[in-house]
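Since the structure comes first, as structure tokens, the remarks are kept for the end.
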Amino acid sequence: MTVDSSAARKRSAAGKAGTTGSKTGSAGTKSGAAGAKRTTSTTRAPRAGAKKSTEPQLVQLLTPEGKRVKNAEYDSYVAGITPEDLRGLYRDMVLTRRFDAEATALQRQGELGLWASLLGQEAAQIGSGRATREDDYVFPTYREHGVAWCRDVDPTNLLGMFRGVNNGGWDPNSNNFHLYTIVIGSQTLHATGYAMGVAKDGADSAVIAYFGDGASSQGDVAESFTFSAVYNAPVVFFCQNNQWAISEPTEKQTRVPLYQRAQGYGFPGVRVDGNDVLACLAVTRWALERARNGEGPTLVEAFTYRMGAHTTSDDPSRYRGDEERQAWEAKDPILRLRRYLEASNHADEGFFEELEAESEALGKRVREAVRAMPDPDHFAIFENVYADGHALVDEERAQFAAYQASFADAEGGH
Ligand SMILES: Cc1ncc(C[n+]2csc(CCOP(=O)(O)OP(=O)(O)O)c2C)c(N)n1
Ligand SMILES: [Mg+2]
């Protein structure tokens with residue numbers, strides 16, 4: 001059974017209006033399920049003017065100094081953005097960072113068992129998250145707190161799993177935001193399968209899968225690339241290259257820039273400045289539009305930096321120096337948008353003050369919500385393992401019940 005996504009999906013040429021053909025080089029695939037014609041090399045080659053001869057240039061719309069730079073290929077994707085939209089993106093990033101800092105503090109206070117901070121990756125997440133449409137479906141890793149924010153998942157719901165009181169904390173279908181996935185790279189397969197289903201349904205929504213530089217080495221990711229390419233699935237692979245996979249640097253994952261991997265699979269790859277929220281918004285809009293138009297998958301490599309530890313269980317001083325972090329601090333995603341907002345008079349002091357107050361209120365709300373989370377029913381762990389129950393689960397439940405009862409006996413006996 002094959003999926004003829006090109007027949008099922010809406011791919012009106014009108015939907016591509018305003019884009020430049022040079023972006024993909026694929027003038028709308030008509031090849032259907034086999035995708036045999038999709039061999040055009042669409043991956044961007046390193047361009048002249050790259051900082052280092054070995055490093056490809058990033059798509060960048062805002063410099064670290066907060067200067068708006070023109071980009072012939074992607075400007076059209078943010079052409080309609082208003083000062084209010086820009087303030088909105090800034091607010092999203094500030095509140096996400098504040099929430100993240102609160103969660104880290106709560107872990108230190110023993111309220112959470114673990115936390116994976118997104119510090120430094122706010123632009124990659126807010127830019128890409130704000131590019132998604134309500135009917136799109138998002139498959140995150142465990143660090144996508146900013147994307148969750150964009151999908152209107154209440155931030156307090158992200159904390160239950162890290163407190164150990166539930167196995168997820170939200171209904172994925174309420175916001176089209178899948179549960180956090182710890183098994184590295186596996187969600188790219190889920191996303192690909194889901195995208196193939198979307199294509200079969202003939203819907204024009206798209207799917208986006210988040211994963212890291214380390215995950216790019218997983219077989220699951222390679223399989224996702226193959227399947228999505230061959231079935232022309234409407235999926236965007238959004239790789240946040242934050243330079244580290246716990247203590248392993250990206251050099252240990254790849255001999256070529258990660259976005260170039262796409263070429264071997266027959267779909268476009270692009271590297272974007274992951275600390276530039278505007279560029280991430282523009283590039284993700286472009287990639288999602290390709291998916292909607294039936295042009296298949298895209299790999300976006302958001303070049304960014306994990307400013308903090310891998311998780312609260314990690315100590316990065318064991319394997320990397322301060323200089324690296326300092327160099328990335330100068331490229332801070334929030335600071336650069338603030339500089340732009342100030343220089344262009346798009347935000348006044350009152351805006352920043354109000355946001356500061358809103359941040360503090362969010363921190364307080366999160367603290368209170370976490371402390372008020374009820375302990376789980378001990379037997380809840382056995383629910384939802386199988387839809388219709390299973391003999392092994394029944395046996396384990398009975399064993400656990402006996403184990404618990406043994407404490408009651410002991411108490412009664414003394
Ligand atoms: C299949 C699998 N292997 C190993 C691990 C342990 N592990 C957890 S996070 C991680 C590194 C992931 O790095 P990356 O993909 O770059 O994502 P980041 O944490 O940097 O966001 C590893 C190896 C895991 N969770 N799942
Ligand atoms: Mg990483």
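Starting from 1 in every chain, residues are counted up; chains themselves are A, B, ... following the order of the structure tokens, and ligands are numbered from 1 as listed.
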Give one line per residue of chain A that approaches ligand 2 to at most 9 Å, naming the two atoms of the closest pair and their distance in Å to one decimal, counting only C-alpha atoms and all ligand atoms; sort by chain then ascending residue number and deliver it as a tab-separated table.
```
residue	atom	partner	partner_atom_place_in_ligand_line	distance
A:Phe211	CA	ligand 2	1 (Mg)	8.1
A:Gly212	CA	ligand 2	1 (Mg)	4.6
A:Asp213	CA	ligand 2	1 (Mg)	4.6
A:Gly214	CA	ligand 2	1 (Mg)	5.3
A:Ala215	CA	ligand 2	1 (Mg)	7.6
A:Cys239	CA	ligand 2	1 (Mg)	8.8
A:Gln240	CA	ligand 2	1 (Mg)	6.8
A:Asn241	CA	ligand 2	1 (Mg)	5.5
A:Asn242	CA	ligand 2	1 (Mg)	4.6
A:Gln243	CA	ligand 2	1 (Mg)	5.5
A:Trp244	CA	ligand 2	1 (Mg)	4.2
A:Ala245	CA	ligand 2	1 (Mg)	4.1
A:Ile246	CA	ligand 2	1 (Mg)	6.9
A:Glu248	CA	ligand 2	1 (Mg)	8.5
A:Pro249	CA	ligand 2	1 (Mg)	8.1
A:Thr250	CA	ligand 2	1 (Mg)	7.5
A:Tyr305	CA	ligand 2	1 (Mg)	8.2
A:Arg306	CA	ligand 2	1 (Mg)	7.3
A:His310	CA	ligand 2	1 (Mg)	8.3
```
Residues near Cys280 (chain A), anyone? I mean within 8 Å using only C-alpha atoms, not counting same-chain ones fewer than 4 positions away, as number ranges by chain. A: 123-124, 127-128, 272-274, 276, 284, 302
Pick out each residue of region 110-357 of chain A that DSSP on the backbone tags as helix (DSSP H, G or I); I need them as a ChimeraX atom specification. /A:122-131,145-150,155-163,172-175,186-201,215-217,219-230,250-252,258-265,277-292,316-318,322-329,333-343,349-357
Residue list (strand (DSSP E), DSSP) for region 148-374 of chain A, as a JSON list (two decimals) with N, CA and C atoms, in the first residue's frame:
```json
[["chain", "number", "residue", "atom", "x", "y", "z"],
["A", 207, "VAL", "N", 3.20, 19.04, 9.72],
["A", 207, "VAL", "CA", 3.70, 18.44, 10.96],
["A", 207, "VAL", "C", 5.12, 18.94, 11.16],
["A", 208, "ILE", "N", 5.48, 19.15, 12.41],
["A", 208, "ILE", "CA", 6.86, 19.56, 12.67],
["A", 208, "ILE", "C", 7.43, 18.70, 13.80],
["A", 209, "ALA", "N", 8.62, 18.18, 13.57],
["A", 209, "ALA", "CA", 9.28, 17.33, 14.57],
["A", 209, "ALA", "C", 10.54, 18.04, 15.05],
["A", 210, "TYR", "N", 10.65, 18.15, 16.34],
["A", 210, "TYR", "CA", 11.84, 18.77, 16.95],
["A", 210, "TYR", "C", 12.80, 17.67, 17.39],
["A", 211, "PHE", "N", 14.06, 17.92, 17.21],
["A", 211, "PHE", "CA", 15.07, 17.00, 17.72],
["A", 211, "PHE", "C", 16.40, 17.73, 17.81],
["A", 212, "GLY", "N", 17.39, 17.08, 18.40],
["A", 212, "GLY", "CA", 18.66, 17.75, 18.64],
["A", 212, "GLY", "C", 19.76, 17.25, 17.73],
["A", 235, "VAL", "N", 6.13, 17.15, 6.40],
["A", 235, "VAL", "CA", 6.77, 17.26, 7.72],
["A", 235, "VAL", "C", 8.01, 18.16, 7.64],
["A", 236, "VAL", "N", 8.17, 18.94, 8.69],
["A", 236, "VAL", "CA", 9.38, 19.76, 8.83],
["A", 236, "VAL", "C", 10.20, 19.16, 9.96],
["A", 237, "PHE", "N", 11.44, 18.86, 9.66],
["A", 237, "PHE", "CA", 12.36, 18.36, 10.69],
["A", 237, "PHE", "C", 13.12, 19.57, 11.22],
["A", 238, "PHE", "N", 12.84, 19.91, 12.47],
["A", 238, "PHE", "CA", 13.44, 21.11, 13.04],
["A", 238, "PHE", "C", 14.51, 20.68, 14.05],
["A", 239, "CYS", "N", 15.75, 20.72, 13.60],
["A", 239, "CYS", "CA", 16.86, 20.27, 14.44],
["A", 239, "CYS", "C", 17.49, 21.47, 15.14],
["A", 240, "GLN", "N", 17.38, 21.49, 16.46],
["A", 240, "GLN", "CA", 18.08, 22.54, 17.20],
["A", 240, "GLN", "C", 19.49, 22.03, 17.48],
["A", 241, "ASN", "N", 20.41, 22.55, 16.70],
["A", 241, "ASN", "CA", 21.81, 22.20, 16.93],
["A", 241, "ASN", "C", 22.31, 23.14, 18.02],
["A", 244, "TRP", "N", 25.70, 20.64, 21.63],
["A", 244, "TRP", "CA", 26.04, 19.59, 22.59],
["A", 244, "TRP", "C", 24.93, 18.54, 22.69],
["A", 245, "ALA", "N", 25.35, 17.31, 22.86],
["A", 245, "ALA", "CA", 24.44, 16.22, 23.22],
["A", 245, "ALA", "C", 24.97, 15.71, 24.56],
["A", 248, "GLU", "N", 28.76, 15.47, 24.60],
["A", 248, "GLU", "CA", 29.35, 15.21, 23.27],
["A", 248, "GLU", "C", 29.13, 16.42, 22.36],
["A", 249, "PRO", "N", 30.21, 16.97, 21.82],
["A", 249, "PRO", "CA", 30.03, 18.11, 20.90],
["A", 249, "PRO", "C", 29.52, 17.63, 19.54],
["A", 269, "GLY", "N", 17.54, 21.31, 2.78],
["A", 269, "GLY", "CA", 18.00, 21.59, 4.14],
["A", 269, "GLY", "C", 18.49, 23.01, 4.20],
["A", 270, "VAL", "N", 18.27, 23.65, 5.33],
["A", 270, "VAL", "CA", 18.74, 25.03, 5.46],
["A", 270, "VAL", "C", 19.21, 25.26, 6.89],
["A", 271, "ARG", "N", 20.28, 26.03, 7.01],
["A", 271, "ARG", "CA", 20.75, 26.38, 8.36],
["A", 271, "ARG", "C", 20.34, 27.81, 8.66],
["A", 272, "VAL", "N", 19.66, 27.97, 9.78],
["A", 272, "VAL", "CA", 19.18, 29.29, 10.18],
["A", 272, "VAL", "C", 19.85, 29.68, 11.49],
["A", 273, "ASP", "N", 20.01, 30.99, 11.68],
["A", 273, "ASP", "CA", 20.54, 31.47, 12.95],
["A", 273, "ASP", "C", 19.48, 31.17, 14.02],
["A", 298, "THR", "N", 11.27, 19.05, 4.83],
["A", 298, "THR", "CA", 12.37, 20.02, 4.84],
["A", 298, "THR", "C", 13.14, 19.80, 6.14],
["A", 299, "LEU", "N", 14.43, 19.94, 6.07],
["A", 299, "LEU", "CA", 15.24, 19.93, 7.29],
["A", 299, "LEU", "C", 15.69, 21.36, 7.60],
["A", 300, "VAL", "N", 15.33, 21.83, 8.78],
["A", 300, "VAL", "CA", 15.81, 23.13, 9.23],
["A", 300, "VAL", "C", 16.80, 22.87, 10.37],
["A", 301, "GLU", "N", 17.99, 23.36, 10.21],
["A", 301, "GLU", "CA", 18.97, 23.26, 11.31],
["A", 301, "GLU", "C", 19.07, 24.64, 11.95],
["A", 302, "ALA", "N", 18.57, 24.74, 13.17],
["A", 302, "ALA", "CA", 18.65, 26.01, 13.89],
["A", 302, "ALA", "C", 19.95, 26.00, 14.69],
["A", 303, "PHE", "N", 20.86, 26.84, 14.28],
["A", 303, "PHE", "CA", 22.20, 26.86, 14.86],
["A", 303, "PHE", "C", 22.15, 27.73, 16.12]]
```
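Between CA of Ala343 (chain A) and CA of Leu281 (chain A) lies a distance of 20.8 Å.
Ranking A:Leu159, A:Ala105, A:Val370, A:Ile182 by their shortest atom-to-atom distance to ligand 1, with only C-alpha atoms and all ligand atoms included, puts A:Ile182 first.
When the distance limit is 8 Å and only C-alpha atoms are what count, the residues near Phe177 (chain A), minus those fewer than 5 positions from it on the same chain, are Tyr137, Val138, Phe139, Pro140, Ala148, Arg151, Val153 and Pro172 of chain A.
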Residues near Gln218 (chain A), cut-off 10 Å, only C-alpha atoms, skip fewer than 5 positions along chain, as a PyMOL selection string: chain A and resi 184-186+213+223+253
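For Gly164 (chain A), the residues within 9 Å (counting only C-alpha atoms, excluding itself and residues fewer than 5 positions away along the chain) are Leu112, Gly113, Leu159, Asp375 and Pro376 of chain A.
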What is the CA of Val221 (chain A)-CA of Ala206 (chain A) distance in Å, reported with one decimal? 18.1 Å
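Computed from the coordinates, the CA of Phe379 (chain A) to CA of Ser406 (chain A) distance equals 15.6 Å.
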Using only C-alpha atoms, which residues sit within 8 Å of region 87-99 of chain A once same-chain residues fewer than 4 positions away are excluded, as an MDAnalysis selection string? chainID A and resid 83 103 118:119 122:123 126:127 145:146 149:150 155 277 334 337:338 341 346:347 355 358:360 362:363 366
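Every protein, DNA or RNA residue with an atom at most 9 Å from Ala330 (chain A), where only C-alpha atoms count and chain neighbours fewer than 4 positions away do not, is listed here: Pro64, Glu65, Arg325, Gln326, Leu335 and Arg336 of chain A.
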Those same residues - C-alpha atoms - I'd like them written as an mmCIF file, in the first residue's frame.
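Output file selection14.cif is given in full below:
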```cif
data_model
loop_
_atom_site.group_PDB
_atom_site.id
_atom_site.type_symbol
_atom_site.label_atom_id
_atom_site.label_comp_id
_atom_site.auth_asym_id
_atom_site.auth_seq_id
_atom_site.Cartn_x
_atom_site.Cartn_y
_atom_site.Cartn_z
ATOM 1 C CA PRO A 64 23.392 40.026 17.322
ATOM 2 C CA GLU A 65 23.575 43.825 17.561
ATOM 3 C CA ARG A 325 29.433 30.267 26.664
ATOM 4 C CA GLN A 326 30.653 33.839 26.783
ATOM 5 C CA LEU A 335 18.928 40.838 23.864
ATOM 6 C CA ARG A 336 19.145 41.182 20.104
#
```
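Distance annotation: of A:Glu323, A:Glu289, A:Asp75, A:Glu251, the residue with the minimal separation from ligand 1 is A:Glu251; atom set is only C-alpha atoms and all ligand atoms.
Among the candidates A:Asn167, A:Thr254, A:Asp348, A:Pro297, the one nearest to Val230 (chain A) when counting only C-alpha atoms is A:Pro297.
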